[in-house]
file upload_26.cif (mmCIF, C-alpha atoms)
data_structure
loop_
_atom_site.label_atom_id
_atom_site.label_comp_id
_atom_site.auth_asym_id
_atom_site.auth_seq_id
_atom_site.Cartn_x
_atom_site.Cartn_y
_atom_site.Cartn_z
CA MET A 1 -66.68 15.78 -21.66
CA ALA A 2 -66.28 18.77 -23.94
CA ASP A 3 -63.53 18.54 -26.54
CA GLU A 4 -60.56 20.77 -25.90
CA ILE A 5 -59.12 21.96 -29.20
CA VAL A 6 -56.08 24.20 -29.50
CA LEU A 7 -54.55 25.34 -32.79
CA LEU A 8 -50.96 26.60 -32.93
CA SER A 9 -50.44 28.57 -36.10
CA THR A 10 -49.37 31.87 -37.64
CA TRP A 11 -51.84 34.21 -39.28
CA PRO A 12 -50.23 34.35 -42.80
CA SER A 13 -49.65 30.60 -43.11
CA MET A 14 -51.66 28.99 -45.91
CA PHE A 15 -51.12 25.68 -44.08
CA GLY A 16 -52.53 26.97 -40.81
CA MET A 17 -55.48 28.48 -42.65
CA ARG A 18 -56.39 25.04 -44.00
CA VAL A 19 -56.97 23.82 -40.44
CA ARG A 20 -59.03 26.90 -39.62
CA VAL A 21 -61.24 26.28 -42.65
CA ALA A 22 -61.74 22.62 -41.66
CA LEU A 23 -62.59 23.51 -38.05
CA ALA A 24 -65.03 26.18 -39.27
CA GLU A 25 -66.65 23.75 -41.71
CA LYS A 26 -67.35 21.46 -38.77
CA GLY A 27 -68.59 24.30 -36.59
CA LEU A 28 -65.98 23.62 -33.91
CA LYS A 29 -64.90 25.96 -31.15
CA TYR A 30 -61.19 26.11 -30.45
CA GLU A 31 -58.48 28.17 -28.86
CA TYR A 32 -56.17 29.82 -31.37
CA ARG A 33 -52.58 30.59 -30.36
CA GLU A 34 -50.45 32.76 -32.59
CA GLU A 35 -46.83 31.57 -32.82
CA ASP A 36 -43.80 33.73 -33.48
CA LEU A 37 -41.72 31.65 -35.89
CA TRP A 38 -38.58 33.64 -35.04
CA ASN A 39 -39.14 32.71 -31.38
CA LYS A 40 -41.05 29.43 -31.17
CA SER A 41 -42.95 28.66 -27.97
CA PRO A 42 -41.95 25.73 -25.70
CA LEU A 43 -45.43 24.33 -26.37
CA LEU A 44 -44.83 24.19 -30.14
CA LEU A 45 -41.42 22.60 -29.68
CA MET A 46 -42.93 20.04 -27.32
CA MET A 47 -45.97 19.29 -29.50
CA ASN A 48 -44.06 19.05 -32.79
CA PRO A 49 -40.52 18.04 -31.82
CA VAL A 50 -39.90 16.45 -35.23
CA HIS A 51 -40.54 19.43 -37.53
CA LYS A 52 -40.98 22.28 -35.02
CA LYS A 53 -43.52 23.77 -37.43
CA ILE A 54 -47.06 25.05 -37.45
CA PRO A 55 -49.86 24.20 -37.73
CA VAL A 56 -50.28 21.83 -34.81
CA LEU A 57 -53.71 20.79 -33.61
CA ILE A 58 -53.89 19.74 -29.98
CA HIS A 59 -57.04 17.71 -29.32
CA ASN A 60 -57.61 16.83 -25.67
CA GLY A 61 -53.86 17.14 -25.14
CA LYS A 62 -52.84 14.99 -28.14
CA PRO A 63 -50.91 16.78 -30.90
CA ILE A 64 -51.43 16.22 -34.62
CA SER A 65 -49.08 17.83 -37.17
CA GLU A 66 -48.96 18.33 -40.96
CA SER A 67 -51.89 20.38 -42.22
CA MET A 68 -53.65 17.90 -44.55
CA ILE A 69 -53.15 15.09 -42.01
CA ILE A 70 -54.83 17.38 -39.46
CA VAL A 71 -57.66 18.13 -41.92
CA GLU A 72 -58.23 14.42 -42.50
CA TYR A 73 -58.19 13.80 -38.74
CA ILE A 74 -60.80 16.53 -38.21
CA ASP A 75 -62.91 15.00 -40.97
CA GLU A 76 -62.71 11.53 -39.37
CA VAL A 77 -63.39 12.60 -35.78
CA TRP A 78 -66.22 15.03 -36.53
CA ASN A 79 -67.81 13.03 -39.28
CA HIS A 80 -71.39 14.06 -38.46
CA LYS A 81 -71.22 17.31 -40.43
CA SER A 82 -69.83 18.71 -43.70
CA PRO A 83 -67.79 15.72 -44.89
CA LEU A 84 -64.63 16.88 -46.67
CA LEU A 85 -63.67 13.54 -48.20
CA PRO A 86 -66.18 11.60 -50.35
CA THR A 87 -67.27 8.07 -49.36
CA ASP A 88 -66.17 6.27 -52.53
CA PRO A 89 -62.59 4.91 -52.16
CA TYR A 90 -61.52 5.90 -55.69
CA GLN A 91 -62.80 9.46 -55.29
CA ARG A 92 -61.13 9.64 -51.87
CA ALA A 93 -57.87 8.52 -53.49
CA GLN A 94 -58.26 11.16 -56.22
CA ALA A 95 -58.82 13.83 -53.55
CA ARG A 96 -55.74 12.71 -51.62
CA PHE A 97 -53.70 12.66 -54.84
CA TRP A 98 -54.57 16.24 -55.76
CA ALA A 99 -54.12 17.57 -52.23
CA ASP A 100 -50.72 15.85 -52.24
CA TYR A 101 -49.96 17.51 -55.61
CA VAL A 102 -50.75 20.95 -54.16
CA ASP A 103 -48.47 20.16 -51.22
CA LYS A 104 -45.60 18.82 -53.29
CA LYS A 105 -45.61 21.47 -55.97
CA LEU A 106 -47.29 24.78 -55.29
CA TYR A 107 -45.55 25.96 -52.14
CA ASP A 108 -42.00 25.14 -53.23
CA ILE A 109 -42.48 26.59 -56.69
CA GLY A 110 -44.16 29.66 -55.24
CA LYS A 111 -41.13 30.19 -52.99
CA LYS A 112 -39.00 30.77 -56.10
CA ILE A 113 -41.25 33.69 -57.02
CA ILE A 114 -41.32 35.45 -53.65
CA TRP A 115 -38.07 34.58 -51.91
CA SER A 116 -35.61 34.14 -54.75
CA THR A 117 -32.82 36.60 -55.46
CA LYS A 118 -31.86 35.05 -58.80
CA GLY A 119 -33.79 36.29 -61.86
CA GLU A 120 -33.49 33.00 -63.74
CA GLU A 121 -34.84 31.00 -60.80
CA GLN A 122 -37.73 33.42 -60.46
CA GLU A 123 -38.58 33.16 -64.16
CA THR A 124 -38.56 29.36 -63.97
CA GLY A 125 -40.70 29.57 -60.84
CA LYS A 126 -43.27 31.76 -62.59
CA LYS A 127 -43.58 29.38 -65.52
CA GLU A 128 -43.86 26.29 -63.32
CA PHE A 129 -46.35 28.02 -61.00
CA ILE A 130 -48.73 28.87 -63.82
CA GLU A 131 -48.38 25.35 -65.24
CA CYS A 132 -49.39 23.91 -61.84
CA LEU A 133 -52.37 26.22 -61.53
CA LYS A 134 -53.48 25.37 -65.07
CA LEU A 135 -53.28 21.67 -64.31
CA LEU A 136 -55.39 22.20 -61.21
CA GLU A 137 -57.82 24.36 -63.19
CA GLY A 138 -58.17 21.49 -65.66
CA GLU A 139 -58.90 19.12 -62.80
CA LEU A 140 -61.63 21.46 -61.52
CA GLY A 141 -63.26 21.44 -64.94
CA ASP A 142 -66.81 22.76 -64.91
CA ASN A 143 -67.49 21.70 -61.33
CA PRO A 144 -68.27 24.36 -58.76
CA TYR A 145 -65.69 22.81 -56.41
CA PHE A 146 -62.89 20.25 -56.60
CA GLY A 147 -65.17 18.17 -54.38
CA GLY A 148 -67.80 18.28 -57.14
CA GLU A 149 -71.05 19.86 -55.98
CA ASN A 150 -69.69 20.30 -52.49
CA PHE A 151 -66.65 22.02 -51.03
CA GLY A 152 -64.15 19.32 -50.05
CA PHE A 153 -60.66 18.14 -49.22
CA VAL A 154 -58.85 19.47 -52.29
CA ASP A 155 -60.70 22.79 -52.04
CA VAL A 156 -59.38 23.15 -48.48
CA SER A 157 -55.84 22.31 -49.60
CA LEU A 158 -55.78 24.92 -52.36
CA VAL A 159 -58.11 27.77 -51.38
CA THR A 160 -55.78 29.01 -48.66
CA PHE A 161 -53.12 29.72 -51.28
CA SER A 162 -55.49 32.28 -52.80
CA GLY A 163 -54.71 34.75 -50.01
CA TRP A 164 -51.15 34.68 -51.34
CA PHE A 165 -52.10 35.14 -55.01
CA HIS A 166 -51.74 38.92 -54.80
CA THR A 167 -48.22 38.46 -53.38
CA TYR A 168 -47.21 35.95 -56.07
CA GLU A 169 -48.62 38.31 -58.72
CA SER A 170 -46.85 41.34 -57.33
CA TYR A 171 -43.39 39.78 -57.02
CA GLY A 172 -43.77 37.60 -60.08
CA ASN A 173 -45.27 40.29 -62.26
CA LEU A 174 -48.05 38.01 -63.39
CA SER A 175 -51.85 37.92 -63.46
CA ILE A 176 -53.36 34.70 -62.18
CA GLU A 177 -56.83 35.80 -63.31
CA THR A 178 -55.62 36.21 -66.91
CA GLU A 179 -53.88 32.83 -66.90
CA CYS A 180 -56.48 30.87 -64.91
CA PRO A 181 -59.85 32.65 -64.93
CA LYS A 182 -61.85 29.57 -63.88
CA LEU A 183 -59.59 29.01 -60.91
CA VAL A 184 -59.95 32.61 -59.77
CA ALA A 185 -63.74 32.29 -60.17
CA TRP A 186 -63.53 29.20 -57.96
CA THR A 187 -61.62 31.14 -55.26
CA LYS A 188 -64.36 33.80 -55.26
CA ARG A 189 -67.00 31.11 -54.98
CA CYS A 190 -65.17 29.59 -52.01
CA LEU A 191 -64.85 32.99 -50.34
CA GLU A 192 -68.64 33.20 -50.30
CA LYS A 193 -68.52 30.46 -47.68
CA GLU A 194 -68.28 31.74 -44.12
CA SER A 195 -65.79 28.99 -43.19
CA VAL A 196 -63.39 30.26 -45.86
CA SER A 197 -63.86 34.02 -45.57
CA SER A 198 -63.47 33.89 -41.78
CA SER A 199 -60.28 31.81 -42.04
CA LEU A 200 -58.30 33.47 -44.81
CA ALA A 201 -56.06 36.41 -44.05
CA ASP A 202 -56.37 39.65 -46.00
CA PRO A 203 -54.25 39.49 -49.19
CA HIS A 204 -52.84 42.99 -48.70
CA LYS A 205 -51.75 42.22 -45.16
CA ILE A 206 -50.08 39.06 -46.48
CA HIS A 207 -48.25 41.15 -49.08
CA ASP A 208 -47.03 43.53 -46.35
CA PHE A 209 -45.93 40.53 -44.30
CA ALA A 210 -43.98 39.09 -47.25
CA SER A 211 -42.35 42.46 -47.79
CA GLU A 212 -41.25 42.56 -44.12
CA VAL A 213 -39.77 39.07 -44.35
CA ARG A 214 -37.94 39.94 -47.58
CA LYS A 215 -36.41 42.96 -45.82
CA ARG A 216 -35.43 40.75 -42.90
CA LEU A 217 -33.80 38.27 -45.29
CA GLY A 218 -32.02 41.12 -47.06
CA ILE A 219 -33.68 40.63 -50.42
CA GLU A 220 -35.71 43.83 -50.48
CA MET B 1 -64.86 -7.16 -55.99
CA GLY B 2 -64.33 -8.88 -59.33
CA GLU B 3 -62.67 -6.04 -61.21
CA GLU B 4 -59.24 -6.52 -62.73
CA VAL B 5 -56.26 -5.22 -60.77
CA LYS B 6 -53.01 -4.31 -62.44
CA LEU B 7 -49.89 -2.91 -60.89
CA ILE B 8 -47.39 -1.03 -63.02
CA GLY B 9 -44.18 -1.26 -61.08
CA SER B 10 -40.48 -1.73 -61.27
CA ILE B 11 -38.02 -4.04 -59.60
CA GLN B 12 -35.80 -1.14 -58.59
CA SER B 13 -38.59 0.92 -57.06
CA LEU B 14 -39.05 0.65 -53.30
CA PHE B 15 -42.36 2.44 -53.77
CA SER B 16 -43.61 -0.34 -56.06
CA PHE B 17 -42.84 -3.03 -53.54
CA ARG B 18 -45.02 -1.36 -50.90
CA ILE B 19 -47.98 -1.91 -53.16
CA GLU B 20 -47.11 -5.53 -53.94
CA TRP B 21 -46.78 -6.25 -50.23
CA ALA B 22 -50.16 -4.65 -49.50
CA LEU B 23 -51.93 -6.53 -52.29
CA LYS B 24 -50.37 -9.84 -51.26
CA LEU B 25 -51.22 -9.26 -47.57
CA LYS B 26 -54.84 -8.76 -48.56
CA GLY B 27 -54.82 -11.75 -50.93
CA VAL B 28 -55.68 -9.60 -53.94
CA GLU B 29 -54.91 -11.14 -57.33
CA TYR B 30 -53.19 -8.74 -59.68
CA GLU B 31 -51.33 -8.58 -62.94
CA TYR B 32 -47.86 -7.11 -62.60
CA ILE B 33 -46.68 -4.95 -65.46
CA LYS B 34 -42.95 -4.48 -65.33
CA GLU B 35 -41.49 -1.06 -66.08
CA ASP B 36 -37.85 -0.13 -66.38
CA VAL B 37 -37.43 3.24 -64.67
CA ARG B 38 -34.44 3.99 -66.87
CA ASN B 39 -36.49 3.47 -70.01
CA LYS B 40 -40.12 4.37 -69.39
CA SER B 41 -42.80 2.95 -71.63
CA PRO B 42 -45.79 4.92 -73.04
CA LEU B 43 -47.91 3.11 -70.43
CA ILE B 44 -46.46 5.23 -67.62
CA PHE B 45 -47.15 8.46 -69.47
CA LYS B 46 -50.71 7.28 -70.10
CA TYR B 47 -51.50 6.14 -66.55
CA ASN B 48 -49.51 8.74 -64.62
CA PRO B 49 -49.36 11.84 -66.80
CA VAL B 50 -48.80 14.15 -63.82
CA HIS B 51 -45.73 12.56 -62.20
CA LYS B 52 -44.74 9.94 -64.86
CA LYS B 53 -43.59 7.48 -62.20
CA VAL B 54 -44.21 4.02 -60.85
CA PRO B 55 -46.08 2.59 -59.08
CA VAL B 56 -49.52 2.99 -60.63
CA LEU B 57 -52.44 0.84 -59.58
CA VAL B 58 -55.08 0.24 -62.23
CA HIS B 59 -58.33 -1.13 -60.80
CA GLY B 60 -61.24 -1.79 -63.14
CA GLY B 61 -59.56 0.47 -65.69
CA LYS B 62 -59.21 3.39 -63.26
CA SER B 63 -55.64 4.44 -62.53
CA LEU B 64 -54.11 5.68 -59.32
CA PRO B 65 -50.53 6.87 -58.77
CA GLU B 66 -48.60 7.87 -55.59
CA SER B 67 -47.76 4.91 -53.38
CA LEU B 68 -49.11 6.20 -50.05
CA VAL B 69 -52.39 7.22 -51.73
CA ILE B 70 -52.57 3.76 -53.34
CA LEU B 71 -51.97 2.06 -49.96
CA GLU B 72 -54.93 3.90 -48.42
CA TYR B 73 -57.09 3.03 -51.42
CA ILE B 74 -56.18 -0.65 -51.11
CA ASP B 75 -56.97 -0.55 -47.39
CA GLU B 76 -60.38 1.03 -48.00
CA THR B 77 -61.30 -1.23 -50.92
CA TRP B 78 -60.22 -4.60 -49.48
CA LYS B 79 -61.15 -4.49 -45.83
CA ASN B 80 -59.54 -7.74 -44.67
CA CYS B 81 -56.19 -7.51 -42.93
CA PRO B 82 -56.48 -3.76 -42.16
CA LEU B 83 -53.32 -1.70 -42.62
CA LEU B 84 -54.36 1.47 -40.82
CA PRO B 85 -55.63 1.38 -37.22
CA GLU B 86 -59.23 2.37 -36.45
CA ASP B 87 -58.53 5.15 -34.01
CA PRO B 88 -58.27 8.53 -35.81
CA SER B 89 -55.31 9.80 -33.77
CA GLN B 90 -53.35 6.59 -34.42
CA ARG B 91 -54.24 6.85 -38.11
CA ALA B 92 -52.94 10.43 -38.13
CA MET B 93 -49.70 9.26 -36.48
CA ALA B 94 -49.20 6.48 -39.05
CA ARG B 95 -49.76 8.97 -41.88
CA PHE B 96 -47.45 11.50 -40.22
CA TRP B 97 -44.57 9.04 -39.89
CA ALA B 98 -45.05 7.64 -43.41
CA LYS B 99 -44.84 11.18 -44.80
CA TYR B 100 -41.82 11.89 -42.60
CA ALA B 101 -40.08 8.71 -43.74
CA ASP B 102 -40.58 9.61 -47.41
CA GLU B 103 -39.94 13.33 -47.25
CA LYS B 104 -37.17 13.50 -44.67
CA CYS B 105 -35.60 10.13 -43.97
CA LEU B 106 -35.45 8.75 -47.50
CA ILE B 107 -34.33 12.08 -48.98
CA ALA B 108 -31.62 12.42 -46.31
CA VAL B 109 -30.40 8.86 -46.96
CA TRP B 110 -30.36 9.61 -50.68
CA GLN B 111 -28.32 12.80 -50.20
CA ALA B 112 -25.84 10.91 -48.03
CA TYR B 113 -25.54 8.14 -50.63
CA MET B 114 -24.77 10.70 -53.32
CA ALA B 115 -22.31 12.78 -51.28
CA GLU B 116 -18.58 12.33 -51.69
CA GLY B 117 -15.50 12.87 -49.58
CA GLU B 118 -15.85 15.42 -46.76
CA GLU B 119 -19.43 16.15 -47.75
CA LYS B 120 -20.48 12.57 -46.98
CA GLU B 121 -19.91 12.80 -43.22
CA LYS B 122 -21.88 16.03 -43.14
CA ALA B 123 -24.69 14.59 -45.29
CA MET B 124 -25.00 11.56 -43.02
CA GLY B 125 -26.07 13.82 -40.13
CA PRO B 126 -29.71 14.40 -41.19
CA ALA B 127 -30.05 10.73 -42.19
CA LEU B 128 -28.90 9.57 -38.75
CA GLU B 129 -31.18 12.11 -37.09
CA SER B 130 -34.20 10.82 -38.98
CA LEU B 131 -33.35 7.19 -38.16
CA ALA B 132 -33.18 8.24 -34.51
CA PHE B 133 -36.77 9.50 -34.71
CA LEU B 134 -37.89 6.19 -36.22
CA GLU B 135 -35.95 4.29 -33.54
CA LYS B 136 -37.91 6.19 -30.90
CA GLU B 137 -41.17 5.41 -32.67
CA ILE B 138 -40.56 1.64 -32.90
CA LYS B 139 -39.14 1.22 -29.38
CA GLY B 140 -41.16 -1.25 -27.34
CA LYS B 141 -43.13 -2.47 -30.35
CA LYS B 142 -42.61 -5.49 -32.55
CA PHE B 143 -43.89 -3.68 -35.62
CA PHE B 144 -44.93 -0.07 -36.24
CA GLY B 145 -48.46 -1.47 -36.59
CA GLY B 146 -48.21 -3.26 -33.21
CA GLU B 147 -48.36 -7.05 -33.17
CA LYS B 148 -48.93 -7.19 -36.92
CA ILE B 149 -47.42 -5.20 -39.76
CA GLY B 150 -49.41 -2.22 -40.93
CA PHE B 151 -49.37 0.89 -43.09
CA LEU B 152 -46.24 2.39 -41.56
CA ASP B 153 -44.29 -0.89 -41.71
CA LEU B 154 -44.99 -1.06 -45.44
CA ALA B 155 -44.09 2.61 -45.87
CA VAL B 156 -40.68 2.18 -44.20
CA GLY B 157 -40.25 -1.34 -45.53
CA TRP B 158 -37.41 -0.08 -47.74
CA ILE B 159 -35.15 0.12 -44.73
CA PRO B 160 -34.19 -3.57 -44.34
CA HIS B 161 -33.29 -4.09 -47.98
CA TRP B 162 -32.81 -0.84 -49.90
CA LEU B 163 -31.01 1.03 -47.12
CA ASN B 164 -28.54 -1.82 -46.89
CA VAL B 165 -27.80 -1.52 -50.63
CA LEU B 166 -27.56 2.28 -50.51
CA GLU B 167 -25.12 1.96 -47.61
CA GLU B 168 -22.92 -0.43 -49.58
CA VAL B 169 -22.98 1.49 -52.86
CA GLY B 170 -22.79 4.85 -51.07
CA SER B 171 -19.91 3.71 -48.83
CA MET B 172 -21.57 4.60 -45.57
CA LYS B 173 -23.00 2.98 -42.46
CA LEU B 174 -26.27 4.38 -41.17
CA LEU B 175 -28.37 1.63 -39.58
CA ASP B 176 -25.94 0.62 -36.88
CA ALA B 177 -27.33 -2.17 -34.65
CA GLU B 178 -25.77 -0.58 -31.59
CA LYS B 179 -27.05 2.93 -32.27
CA PHE B 180 -30.50 1.83 -33.41
CA PRO B 181 -31.18 -1.54 -31.73
CA SER B 182 -34.99 -1.38 -31.95
CA LEU B 183 -35.05 -0.31 -35.60
CA HIS B 184 -32.46 -2.95 -36.43
CA GLU B 185 -34.54 -5.63 -34.72
CA TRP B 186 -37.69 -4.44 -36.49
CA ALA B 187 -35.85 -4.69 -39.84
CA GLU B 188 -34.83 -8.30 -39.10
CA ASN B 189 -38.41 -9.21 -38.09
CA PHE B 190 -40.01 -7.43 -41.03
CA ILE B 191 -38.21 -9.38 -43.74
CA GLN B 192 -39.15 -12.69 -42.07
CA ILE B 193 -42.87 -12.05 -42.49
CA SER B 194 -44.84 -13.52 -45.36
CA PRO B 195 -45.47 -12.13 -47.95
CA ILE B 196 -42.51 -9.74 -47.51
CA LYS B 197 -39.87 -12.46 -47.47
CA GLU B 198 -41.14 -13.97 -50.73
CA CYS B 199 -41.39 -10.57 -52.38
CA ILE B 200 -38.03 -8.87 -52.18
CA PRO B 201 -35.97 -7.77 -55.18
CA PRO B 202 -32.71 -9.61 -55.96
CA ARG B 203 -29.91 -7.79 -54.16
CA GLU B 204 -27.51 -7.91 -57.13
CA GLU B 205 -30.13 -6.16 -59.24
CA LEU B 206 -30.44 -3.32 -56.73
CA VAL B 207 -26.67 -3.01 -56.25
CA SER B 208 -26.13 -2.80 -60.00
CA TYR B 209 -28.95 -0.25 -60.43
CA PHE B 210 -27.87 2.04 -57.59
CA HIS B 211 -24.24 1.77 -58.61
CA SER B 212 -24.95 2.99 -62.14
CA ALA B 213 -27.42 5.57 -60.82
CA LEU B 214 -24.70 7.00 -58.57
CA ILE B 215 -22.24 7.36 -61.43
CA TYR B 216 -24.91 9.04 -63.54
CA LEU B 217 -26.12 11.42 -60.78
CA ARG B 218 -22.59 12.42 -59.79
CA SER B 219 -21.75 13.17 -63.42
CA LEU B 220 -24.84 15.41 -63.61
CA SER B 221 -23.78 17.46 -60.61
CA ALA B 222 -20.20 17.63 -61.88
CA ASN B 223 -21.52 19.22 -65.07
CA LYS B 224 -23.65 21.79 -63.30
CA PRO B 225 -22.36 25.36 -63.67
#
call {"tool": "encode", "arguments": {"input": "upload_26.cif", "output": "structure tokens"}}
result
Amino acid sequence: MADEIVLLSTWPSMFGMRVRVALAEKGLKYEYREEDLWNKSPLLLMMNPVHKKIPVLIHNGKPISESMIIVEYIDEVWNHKSPLLPTDPYQRAQARFWADYVDKKLYDIGKKIIWSTKGEEQETGKKEFIECLKLLEGELGDNPYFGGENFGFVDVSLVTFSGWFHTYESYGNLSIETECPKLVAWTKRCLEKESVSSSLADPHKIHDFASEVRKRLGIE
Amino acid sequence: MGEEVKLIGSIQSLFSFRIEWALKLKGVEYEYIKEDVRNKSPLIFKYNPVHKKVPVLVHGGKSLPESLVILEYIDETWKNCPLLPEDPSQRAMARFWAKYADEKCLIAVWQAYMAEGEEKEKAMGPALESLAFLEKEIKGKKFFGGEKIGFLDLAVGWIPHWLNVLEEVGSMKLLDAEKFPSLHEWAENFIQISPIKECIPPREELVSYFHSALIYLRSLSANKP
């Protein structure tokens, strides 16, 4: 029986993109359904009644939510190709720790830069954002990927934020390349992979999207 | 696996106890290093420089923070008495609910505990909503892990003991046996299981800690501009 895979997501979402990258890494075919977050579909509300958020992966009718939980699920089910987590338990734990760090810190801090109306909050956000990226850059070290020689779990968790870098830079008046050159080099290296380049949205389109949302929220 | 296992934890931390329960369930010998969260030692800054929190597991000299990450590590390293199910979709569900319990339920309970006066009733709303989701999840099952306790039971294991204390100190009632009969029953069953029942912090200690924490936290928000 062929696997039926459906992904509910929105094109600018860095969380949705993570799932796309994982599915592409495994060479999986799936149906993509674009959600309108201002008008969520009955399917989304049914498949993720708890959070009512994207992304949701529906595999043979069973829904899985929360992007890195979905990525780990994909890695476990389709374990014959391109493993995203290493086999050693300590290295797996390290990977989960850093992916969790990206989840806990980067998005919420980044929000202060793009969606804040208060100057002080935005300035704090900028400082914290760069600190986070520098910590992650330190963790990358001289490795080509966070997964070491191979693209892995932490790479998936972070690379999708790179599509938003231009937006963070524009609204935050900062240069991520100046602050974290190794990290930006890593994003370019990741973009050479088909699974990444085919899954990430265009940074300029993302910036236009952010601008539209800011207008809608009355902050632009 | 002969390498030394140490757990840096604290008697007030519900996150610490998850790890103790997991290690004891698996029969893993460990050295417990007691931290006081109100007065952190240099050890915490050394072993968890990123978050500076307990618990931290140190195995063969290698350190690991973040309780849910540690639980998965323990499960993968000591394979007896498995905590996570084998089926990937059930594993994903256990992880989903553990994350939910930490990021929504616990936070909502905390906000309700801190709220005062008119705000308290309002703050209790999200906490009750999240307990309702957990009630639905446990309905028809003895434990979240099925017949035996598992990953999710350990992750929400704060409910029988800590929630009770937060309710008392925070002057609120959340886990009502009539509103949440299945969750209430699960809580009663959970604390009867070995090693949980032998490894629970003294109630007076928790009451005293959360009482002084409340005074401190409320004074912080009173001083905010």
call {"tool": "interface_residues", "arguments": {"input": "upload_26.cif", "of": "chain B", "to": "chain A", "cutoff": "9 Å", "atoms": "only C-alpha atoms", "output": "number ranges by chain"}}
result
B: 50, 62, 64-66, 69-70, 72-74, 76-77, 88-89, 91-93, 95-96, 100, 130, 133
call {"tool": "residues_around", "arguments": {"input": "upload_26.cif", "residues": "Gly27 (chain B)", "least_positions_apart": "3", "cutoff": "12 Å", "atoms": "only C-alpha atoms", "output": "MDAnalysis selection string"}}
result
chainID B and resid 5 20:24 30 74:75 78:82 194:195
call {"tool": "resolve_selection", "arguments": {"input": "upload_26.cif", "expression": "the PyMOL selection byres ((chain B and resi 191) around 12)", "output": "MDAnalysis selection string"}}
result
chainID B and resid 21 143 149 153:154 156:162 184:190 192:201
call {"tool": "residues_around", "arguments": {"input": "upload_26.cif", "residues": "region 113-118 of chain A", "least_positions_apart": "6", "cutoff": "6 Å", "atoms": "only C-alpha atoms", "output": "list in words"}}
result
Gly125, Tyr171 and Gly172 of chain A
call {"tool": "residues_near_point", "arguments": {"input": "upload_26.cif", "point": "(-52.2, 35.3, -43.9)", "cutoff": "8 Å", "atoms": "only C-alpha atoms", "output": "list in words"}}
result
Thr10, Trp11, Pro12, Ser13, Met14, Met17, Gly163, Trp164, Leu200, Ala201, Asp202, Pro203, Lys205 and Ile206 of chain A
call {"tool": "write_last_selection", "arguments": {"input": "upload_26.cif", "atoms": "C-alpha atoms", "output": "mmCIF file, keeping the file's coordinate frame"}}
result
data_model
loop_
_atom_site.group_PDB
_atom_site.id
_atom_site.type_symbol
_atom_site.label_atom_id
_atom_site.label_comp_id
_atom_site.auth_asym_id
_atom_site.auth_seq_id
_atom_site.Cartn_x
_atom_site.Cartn_y
_atom_site.Cartn_z
ATOM 1 C CA THR A 10 -49.370 31.870 -37.640
ATOM 2 C CA TRP A 11 -51.840 34.210 -39.280
ATOM 3 C CA PRO A 12 -50.230 34.350 -42.800
ATOM 4 C CA SER A 13 -49.650 30.600 -43.110
ATOM 5 C CA MET A 14 -51.660 28.990 -45.910
ATOM 6 C CA MET A 17 -55.480 28.480 -42.650
ATOM 7 C CA GLY A 163 -54.710 34.750 -50.010
ATOM 8 C CA TRP A 164 -51.150 34.680 -51.340
ATOM 9 C CA LEU A 200 -58.300 33.470 -44.810
ATOM 10 C CA ALA A 201 -56.060 36.410 -44.050
ATOM 11 C CA ASP A 202 -56.370 39.650 -46.000
ATOM 12 C CA PRO A 203 -54.250 39.490 -49.190
ATOM 13 C CA LYS A 205 -51.750 42.220 -45.160
ATOM 14 C CA ILE A 206 -50.080 39.060 -46.480
#
call {"tool": "atom_distance", "arguments": {"input": "upload_26.cif", "atom1": "CA of Asp208 (chain A)", "atom2": "CA of Tyr168 (chain A)"}}
result
12.3 Å
call {"tool": "closest_residue", "arguments": {"input": "upload_26.cif", "among": "B:Tyr47, B:Ala94, B:Gly9, B:Pro55", "to": "Ile33 (chain B)", "atoms": "all atoms listed in the file"}}
result
B:Gly9
call {"tool": "resolve_selection", "arguments": {"input": "upload_26.cif", "expression": "the PyMOL selection byres ((chain B and resi 109) around 9)", "output": "count of residues only"}}
result
19
call {"tool": "atom_distance", "arguments": {"input": "upload_26.cif", "atom1": "CA of Ala99 (chain A)", "atom2": "CA of Lys52 (chain B)"}}
result
17.5 Å
call {"tool": "closest_residue", "arguments": {"input": "upload_26.cif", "among": "A:Asn143, A:Ser162, A:Ser175, A:Asn79", "to": "Tyr107 (chain A)", "atoms": "all atoms listed in the file"}}
result
A:Ser162
call {"tool": "atom_distance", "arguments": {"input": "upload_26.cif", "atom1": "CA of Arg18 (chain A)", "atom2": "CA of Gly147 (chain A)"}}
result
15.2 Å
call {"tool": "closest_residue", "arguments": {"input": "upload_26.cif", "among": "A:Arg214, A:Leu57, A:Leu44, A:Arg189", "to": "Arg20 (chain A)", "atoms": "all atoms listed in the file"}}
result
A:Leu57
call {"tool": "closest_residue", "arguments": {"input": "upload_26.cif", "among": "A:Lys127, A:Phe151, A:Gly27, A:Trp38", "to": "Arg216 (chain A)", "atoms": "all atoms listed in the file"}}
result
A:Trp38
call {"tool": "residues_around", "arguments": {"input": "upload_26.cif", "residues": "Asp155 (chain A)", "least_positions_apart": "5", "cutoff": "12 Å", "atoms": "only C-alpha atoms", "output": "VMD selection string"}}
result
chain A and resid 18 21 to 22 25 68 71 84 to 85 95 to 96 98 to 99 102 136 to 137 139 to 140 143 to 150 160 to 162 183 186 to 187 189 to 191 193 195 to 196
call {"tool": "residues_around", "arguments": {"input": "upload_26.cif", "residues": "Ala155 (chain B)", "least_positions_apart": "4", "cutoff": "9 Å", "atoms": "all atoms listed in the file", "output": "number ranges by chain"}}
result
B: 15, 18, 67-68, 71, 97-99, 101-102, 150-151
call {"tool": "residues_around", "arguments": {"input": "upload_26.cif", "residues": "region 34-45 of chain B", "least_positions_apart": "6", "cutoff": "9 Å", "atoms": "only C-alpha atoms", "output": "list in words"}}
result
Leu7, Ile8, Gly9, Ser10, Ile11, Gln12, Ser13, His51, Lys52, Lys53, Val54, Pro55 and Val56 of chain B
